[in-house]
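Asker: Can you keep this structure in mind? I'll have questions shortly.
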There are 2 protein chains.
Amino acid sequence: MTHLPPMPVDYLDRILVGDCIDSMNSLPEGCVDMVFADPPYNLQLGGDLLRPDNSKVDAVDDDWDKFADFARYDSFTRAWLAAARRVLKPEGTLWVIGSYHNIFRIGTALQDQGYWILNDIVWRKSNPMPNFKGKRFTNAHETLIWAARDRRAKRYTFNYESMKELNEGVQMRSDWLLPLCTGGERLKGEDGKKAHPTQKPESLLFRCLMAASNPGDTILDPFFGTGTTGAVARRLGRHYVGLERDPTYAAIARKRIAEISPLADEDVTPKPSKRSEPRVPFGVLIEAGLLQPGAVLIDPSGRHRARVRADGTLSASNSLGEHRGSIHQVGAAVQGAPACNGWTFWHFEAKGGRLPIDHLRQQVRAGL
Amino acid sequence: MTHLPPMPVDYLDRILVGDCIDSMNSLPEGCVDMVFADPPYNLQLGGDLLRPDNSKVDAVDDDWDKFADFARYDSFTRAWLAAARRVLKPEGTLWVIGSYHNIFRIGTALQDQGYWILNDIVWRKSNPMPNFKGKRFTNAHETLIWAARDRRAKRYTFNYESMKELNEGVQMRSDWLLPLCTGGERLKGEDGKKAHPTQKPESLLFRCLMAASNPGDTILDPFFGTGTTGAVARRLGRHYVGLERDPTYAAIARKRIAEISPLADEDVTPKPSKRSEPRVPFGVLIEAGLLQPGAVLIDPSGRHRARVRADGTLSASNSLGEHRGSIHQVGAAVQGAPACNGWTFWHFEAKGGRLPIDHLRQQVRAGL
DNA sequence: CGCACAATTGAATCCCCAA
DNA sequence: TTTGGGGATTCAATTGTGC
């Protein structure tokens, strides 16, 4: 990887007031680990909407959400996406949130610019606003796109184990059930009214940042608003760079973030993935005396057997032929399968019963 | 509305083998009530079109190549969407299903052609395939777009009450939890292998057809495959027109659909909405002797009173002034509200207590 | 202070016929 | 095409009020 300059210190953990495209273009190339963007949705609302009790829905009618047509919205979208891509590190990722009004246009623009979509994520709202007139399904979700800067960027950050822990031990899915930002979390003005019409819940940002960044990383948010991204970044020990056009929002965000206490390092460091644990060649188990050459390994079903050789390979034979090679190769060969994880496939006889050889690998890692 | 020719009888409940765009163009304009489309996610029509993750397009780092691939998918998408729009009735709706690989391009194309998105729907899979490599979130959903032919088409079919019933009495949301098509429902070939790689569950089509069509309607599916749309349409008393380029799939679909028994009419007719009930002028209650001129009506809170006049109007006075007019107008006026449903607002004194005048309207409708 | 009930609110492309 | 008017339409969660 070529050396890239870091984020200049005078941008770090700051909010820049101004046009986000200009601001991004003033940053050096490749200085950001992750982008989180909550752009205008281009809602195209018509007249007022009344609830059955005749109260008026407080709609998002701000000027910043108004675009003359799809062409204008698209050119705006493509401009900020391109600027964001320039400041992203090669292995950085981008999150964008939107609704059906705009998300298809954003996804198309992303793909056209070379971003590589990793997932689309559905934020299922536990308490959405109903459809008052009974003319459609309750619009109960929004969509996030998570994309790598580049198709070839394979080493993006994804804290798989942390997500699994958050999801009670099973893989985190692409549909997340989270409540709206209401109650005490919702920022209010002096008049008691909401400070920003579209403030996102911190739980949503928490999950995005935990999944796709590490402590010390720099997160850029080009549509900072009242600073949810900055608040969560600070709490989780990440740096942020906030871009916001409206100085009123920026001031609210500054005050909000200043009141956040970062969590302790050890609490925000992602659970290490198995992949990052030190590699242990199978032969080391033999060298360490945990397995003897000539020992017989067996698969969980008891259908397949293989013999341990001193060089750290296995040999086996069955109706498919004679097999010799690594624990993975022989595991695959005896099953006629394209691939096999030998560490969990092959078992040895222990006192307490049959155990996977991965058990022995863990002993090596523990230094036994 | 201009008169439109119906679907020709020789197309009805048939499968046309051939290119779906050609087939649609051979149909008259505006002859279809609903389209359900499950287009190729990866584009390999006749091996002529791209697949975004095709290994042959190795290391696509050339912007022009990327554009060329997506451009071909887009032109295919725009061609079939335009053909579908032509055969849709003005008040017809279209469903498309896709994944993050293609749905953004489809949504953009839809909007560009003038379709008006009504909802995006998330099919949450209760049993998705896990992410084996642990590099992404489990891809646990697919996305459907439901769109009207036109922004101005307000009278599209949406069986709100039926959906509400299906969802235990609360509005159906935009996220649907349904299992994959497996087990006995999954069509298998002689070799025991699945007959079609992307067969959709009938439950998914059931919900789309129940929501957005009526018995007797004609449903067009331009990517018919093994005929899930046809099977559900036949069971629910809808007509289908299936377009499929592969004669093998078409044959499987024909056999499958022939074995379906349509349900009884009364079982597939949507629950009627109140809007569809006959209108009863308030004055009819007076003519029928259910209310006497001079009777006093009262609102549920007891704050407002009005007097019934012989011509079917009400009169009332309060701090806001003197009010005279329809039950709705006077109800709104006494409250200072923008609107009011007089039938549920105004009550009369009955033996068992206070009852809404809607109770009397129901007696009229029942012919008492 | 607790409990019951009422009021408020959230990124919303939200009615429909007849004159 | 526009206007007027009948009358149909809401879920979950939090906050405020009254007893």
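Residue numbering restarts at 1 in every chain; chains get A, B, ... in the order shown in the structure tokens, and ligands count up from 1 in that same order.
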After fitting chain A to chain B over all Cα atoms matched in order, what RMSD is left?

Answerer: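 The RMSD between chain A and chain B over C-alpha atoms is 5.1 Å.
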
Asker: Once you count only C-alpha atoms (C1' of nucleotides), which residues of chain B turn out to be within 8 Å of chain D? Could you give them as a PyMOL selection string?

Answerer: chain B and resi 170+274-275+328+340-342

Asker: Save the residues we just selected, N, CA, C and O atoms, as a CSV table (one decimal), in the first residue's frame?

Answerer:
```csv
chain,number,residue,atom,x,y,z
B,170,VAL,N,-53.5,-5.2,13.1
B,170,VAL,CA,-52.8,-4.0,12.9
B,170,VAL,C,-52.3,-3.9,11.5
B,170,VAL,O,-52.1,-4.9,10.8
B,274,LYS,N,-64.9,0.3,4.3
B,274,LYS,CA,-66.1,1.1,4.5
B,274,LYS,C,-66.3,2.0,3.4
B,274,LYS,O,-67.5,2.4,3.1
B,275,ARG,N,-65.3,2.4,2.7
B,275,ARG,CA,-65.4,3.3,1.6
B,275,ARG,C,-66.3,2.7,0.5
B,275,ARG,O,-66.9,3.5,-0.3
B,328,HIS,N,-71.2,16.8,9.3
B,328,HIS,CA,-69.8,16.9,9.3
B,328,HIS,C,-69.3,18.4,9.5
B,328,HIS,O,-68.4,18.6,10.3
B,340,CYS,N,-64.3,16.7,10.3
B,340,CYS,CA,-65.0,15.9,11.3
B,340,CYS,C,-65.8,14.8,10.6
B,340,CYS,O,-66.5,15.1,9.6
B,341,ASN,N,-65.8,13.6,11.1
B,341,ASN,CA,-66.8,12.6,10.6
B,341,ASN,C,-68.0,12.7,11.6
B,341,ASN,O,-68.0,12.2,12.7
B,342,GLY,N,-69.1,13.3,11.1
B,342,GLY,CA,-70.3,13.5,11.9
B,342,GLY,C,-70.9,12.2,12.3
B,342,GLY,O,-71.5,12.1,13.4
```

Asker: Return the neighbours of chain C among the residues of chain A, cut-off 6 Å, counting only C-alpha atoms (C1' of nucleotides), as a PyMOL selection string.

Answerer: chain A and resi 43-45+129+133+135+198

Asker: Could you dump the residues just selected with N, CA and C atoms as a PDB file, in the first residue's frame?

Answerer:
```pdb
ATOM      1  N   LEU A  43     -37.890  13.850  -0.404  1.00  0.00           N
ATOM      2  CA  LEU A  43     -39.165  13.181  -0.106  1.00  0.00           C
ATOM      3  C   LEU A  43     -40.292  13.516  -1.070  1.00  0.00           C
ATOM      4  N   GLN A  44     -40.276  14.672  -1.674  1.00  0.00           N
ATOM      5  CA  GLN A  44     -41.319  15.039  -2.657  1.00  0.00           C
ATOM      6  C   GLN A  44     -42.712  14.963  -2.052  1.00  0.00           C
ATOM      7  N   LEU A  45     -42.899  15.562  -0.896  1.00  0.00           N
ATOM      8  CA  LEU A  45     -44.204  15.505  -0.240  1.00  0.00           C
ATOM      9  C   LEU A  45     -45.180  16.458  -0.905  1.00  0.00           C
ATOM     10  N   MET A 129     -44.128   5.547  12.230  1.00  0.00           N
ATOM     11  CA  MET A 129     -45.377   6.270  12.060  1.00  0.00           C
ATOM     12  C   MET A 129     -46.298   5.415  11.187  1.00  0.00           C
ATOM     13  N   LYS A 133     -53.935   6.975   6.217  1.00  0.00           N
ATOM     14  CA  LYS A 133     -55.084   6.905   5.319  1.00  0.00           C
ATOM     15  C   LYS A 133     -55.378   5.492   4.837  1.00  0.00           C
ATOM     16  N   LYS A 135     -53.724   3.607   2.750  1.00  0.00           N
ATOM     17  CA  LYS A 135     -53.538   3.475   1.306  1.00  0.00           C
ATOM     18  C   LYS A 135     -52.277   2.698   0.913  1.00  0.00           C
ATOM     19  N   THR A 198     -34.645  15.040  11.444  1.00  0.00           N
ATOM     20  CA  THR A 198     -34.358  13.651  11.070  1.00  0.00           C
ATOM     21  C   THR A 198     -33.234  13.044  11.903  1.00  0.00           C
TER      22      THR A 198
END
```

Asker: Compile the contact shell of stretch 291-304 of chain B as a count of residues only: residues with an atom at most 10 Å away, counting only C-alpha atoms (C1' of nucleotides), same-chain residues fewer than 5 positions apart removed.

Answerer: 31

Asker: When you get a sec, could you note down which chain B residues fall within 8 Å of chain A, using only C-alpha atoms, as a PyMOL selection string?

Answerer: chain B and resi 59-61+63+66-67+70+100-101+103-108+112+117-120+122+124+130-131+134-141+158+160+171-175+337-339

Asker: Any chance you can output those residues with N, CA and C atoms as a short mmCIF file (atom, residue, chain, number, x, y, z; two decimals), in the first residue's frame?

Answerer:
```cif
data_model
loop_
_atom_site.label_atom_id
_atom_site.label_comp_id
_atom_site.auth_asym_id
_atom_site.auth_seq_id
_atom_site.Cartn_x
_atom_site.Cartn_y
_atom_site.Cartn_z
N ALA B 59 -10.93 -8.47 -12.23
CA ALA B 59 -10.32 -7.23 -11.77
C ALA B 59 -10.79 -6.03 -12.57
N VAL B 60 -12.06 -5.78 -12.46
CA VAL B 60 -12.62 -4.65 -13.20
C VAL B 60 -12.21 -3.35 -12.52
N ASP B 61 -11.13 -2.78 -12.99
CA ASP B 61 -10.74 -1.50 -12.40
C ASP B 61 -10.83 -0.40 -13.45
N ASP B 63 -13.07 2.06 -15.42
CA ASP B 63 -14.38 2.67 -15.31
C ASP B 63 -15.24 2.39 -16.54
N LYS B 66 -16.71 -1.13 -16.37
CA LYS B 66 -17.76 -1.20 -15.38
C LYS B 66 -19.03 -0.58 -15.92
N PHE B 67 -18.87 0.58 -16.49
CA PHE B 67 -20.03 1.26 -17.06
C PHE B 67 -20.69 0.41 -18.13
N PHE B 70 -22.81 -2.44 -16.38
CA PHE B 70 -24.04 -1.93 -15.79
C PHE B 70 -24.94 -1.36 -16.88
N TYR B 100 -29.48 -6.59 -3.47
CA TYR B 100 -28.68 -5.37 -3.61
C TYR B 100 -27.86 -5.35 -4.89
N HIS B 101 -27.74 -6.50 -5.55
CA HIS B 101 -26.98 -6.51 -6.79
C HIS B 101 -27.69 -5.75 -7.90
N ILE B 103 -31.31 -4.29 -7.38
CA ILE B 103 -32.56 -3.59 -7.06
C ILE B 103 -32.41 -2.08 -7.17
N PHE B 104 -31.19 -1.57 -6.93
CA PHE B 104 -31.01 -0.12 -7.01
C PHE B 104 -31.13 0.35 -8.46
N ARG B 105 -30.62 -0.47 -9.36
CA ARG B 105 -30.72 -0.10 -10.77
C ARG B 105 -32.17 -0.17 -11.24
N ILE B 106 -32.89 -1.17 -10.74
CA ILE B 106 -34.30 -1.30 -11.12
C ILE B 106 -35.12 -0.13 -10.56
N GLY B 107 -34.89 0.20 -9.31
CA GLY B 107 -35.63 1.30 -8.71
C GLY B 107 -35.38 2.61 -9.43
N THR B 108 -34.13 2.85 -9.78
CA THR B 108 -33.81 4.08 -10.52
C THR B 108 -34.52 4.09 -11.87
N ASP B 112 -37.31 6.76 -13.24
CA ASP B 112 -37.02 7.54 -14.46
C ASP B 112 -38.14 7.38 -15.49
N ILE B 117 -43.38 4.97 -6.95
CA ILE B 117 -43.18 3.94 -5.93
C ILE B 117 -44.19 4.12 -4.80
N LEU B 118 -44.85 3.04 -4.45
CA LEU B 118 -45.83 3.07 -3.36
C LEU B 118 -45.20 2.58 -2.06
N ASN B 119 -44.43 1.54 -2.14
CA ASN B 119 -43.69 1.02 -0.99
C ASN B 119 -42.46 0.28 -1.50
N ASP B 120 -41.44 0.24 -0.68
CA ASP B 120 -40.45 -0.83 -0.84
C ASP B 120 -40.70 -1.80 0.31
N VAL B 122 -39.56 -5.32 2.38
CA VAL B 122 -38.43 -6.18 2.71
C VAL B 122 -38.94 -7.58 3.02
N ARG B 124 -38.01 -10.52 4.73
CA ARG B 124 -37.06 -11.04 5.72
C ARG B 124 -37.13 -12.55 5.72
N PRO B 130 -26.42 -18.66 5.79
CA PRO B 130 -25.45 -17.86 6.54
C PRO B 130 -24.33 -17.35 5.67
N ASN B 131 -23.60 -16.37 6.19
CA ASN B 131 -22.39 -15.91 5.51
C ASN B 131 -21.24 -16.78 5.98
N GLY B 134 -17.77 -15.13 7.13
CA GLY B 134 -17.72 -14.17 8.23
C GLY B 134 -17.16 -12.84 7.83
N LYS B 135 -17.37 -12.44 6.59
CA LYS B 135 -16.83 -11.17 6.11
C LYS B 135 -17.91 -10.09 5.95
N ARG B 136 -19.16 -10.48 6.09
CA ARG B 136 -20.27 -9.54 5.93
C ARG B 136 -21.40 -9.95 6.86
N PHE B 137 -22.42 -9.13 6.91
CA PHE B 137 -23.63 -9.50 7.62
C PHE B 137 -24.35 -10.59 6.82
N THR B 138 -25.05 -11.47 7.53
CA THR B 138 -25.87 -12.46 6.84
C THR B 138 -26.86 -11.75 5.92
N ASN B 139 -26.82 -12.10 4.67
CA ASN B 139 -27.71 -11.46 3.71
C ASN B 139 -29.09 -12.10 3.86
N ALA B 140 -29.90 -11.54 4.73
CA ALA B 140 -31.09 -12.23 5.22
C ALA B 140 -32.39 -11.70 4.63
N HIS B 141 -32.30 -10.88 3.60
CA HIS B 141 -33.53 -10.32 3.04
C HIS B 141 -33.39 -10.08 1.54
N PHE B 158 -55.52 -1.61 -3.36
CA PHE B 158 -54.80 -2.01 -2.15
C PHE B 158 -55.81 -2.48 -1.13
N TYR B 160 -56.45 -2.97 1.91
CA TYR B 160 -55.95 -2.59 3.23
C TYR B 160 -56.52 -3.47 4.34
N GLN B 171 -52.05 -2.64 11.05
CA GLN B 171 -51.59 -2.41 9.67
C GLN B 171 -50.45 -3.32 9.29
N MET B 172 -50.50 -3.83 8.08
CA MET B 172 -49.37 -4.60 7.57
C MET B 172 -48.20 -3.65 7.33
N ARG B 173 -47.04 -4.03 7.84
CA ARG B 173 -45.84 -3.21 7.69
C ARG B 173 -45.09 -3.55 6.40
N SER B 174 -44.04 -2.80 6.16
CA SER B 174 -43.24 -3.00 4.96
C SER B 174 -42.18 -4.08 5.13
N ASP B 175 -42.12 -4.72 6.28
CA ASP B 175 -41.18 -5.83 6.46
C ASP B 175 -41.95 -7.10 6.72
N ALA B 337 -62.30 22.49 14.26
CA ALA B 337 -61.40 21.52 13.62
C ALA B 337 -61.51 21.64 12.11
N PRO B 338 -60.47 21.22 11.38
CA PRO B 338 -60.50 21.30 9.92
C PRO B 338 -61.47 20.31 9.30
N ALA B 339 -61.79 19.24 9.99
CA ALA B 339 -62.68 18.23 9.43
C ALA B 339 -63.26 17.41 10.57
#
```

Asker: DSSP on the backbone: what in stretch 256-362 of chain A comes out alpha helix (DSSP H), as JSON, numbers by chain?

Answerer: {"A": [256, 257, 258, 265, 266, 267, 268, 282, 283, 284, 285, 286, 287, 327, 328, 329, 330, 331, 332, 333, 334, 335, 342, 343, 344, 345, 358, 359, 360, 361, 362]}

Asker: Could you check how far atom CA of B:Ser75 sits from atom CA of B:Pro39, in Å to one decimal?

Answerer: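 Atom CA of B:Ser75 sits 13.2 Å away from atom CA of B:Pro39.
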
Asker: Can you check which residues of stretch 46-268 of chain B DSSP gives as strand (DSSP E) on the backbone and send them as a PyMOL selection string?

Answerer: chain B and resi 88-98+116-125+141-148+175-178+218-221+239-244

Asker: Give me the residues near B:Ser162 as a PDB file with C-alpha atoms, in the first residue's frame, where near means some atom within 6 Å (using only C-alpha atoms (C1' of nucleotides)) and where sequence neighbours in that chain fewer than 3 positions away do not count.

Answerer:
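File part_21.pdb, as written:
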```pdb
ATOM      1  CA  ASN B 159     -56.807  -4.344   0.027  1.00  0.00           C
ATOM      2  CA  GLU B 165     -56.540  -9.017   9.078  1.00  0.00           C
ATOM      3  CA  PRO B 270     -60.963  -9.161  -0.170  1.00  0.00           C
ATOM      4  CA  LYS B 271     -62.608  -7.840   2.965  1.00  0.00           C
TER       5      LYS B 271
END
```

Asker: Could you check how far atom CA of A:Asn127 sits from atom CA of A:Leu178, in Å to one decimal?

Answerer: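 Between these atoms lies a distance of 8.6 Å.
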
Asker: Would you work out the distance separating atom CA of B:Asp33 from atom CA of B:Arg234, expressed in Å to one decimal?

Answerer: 14.9 Å
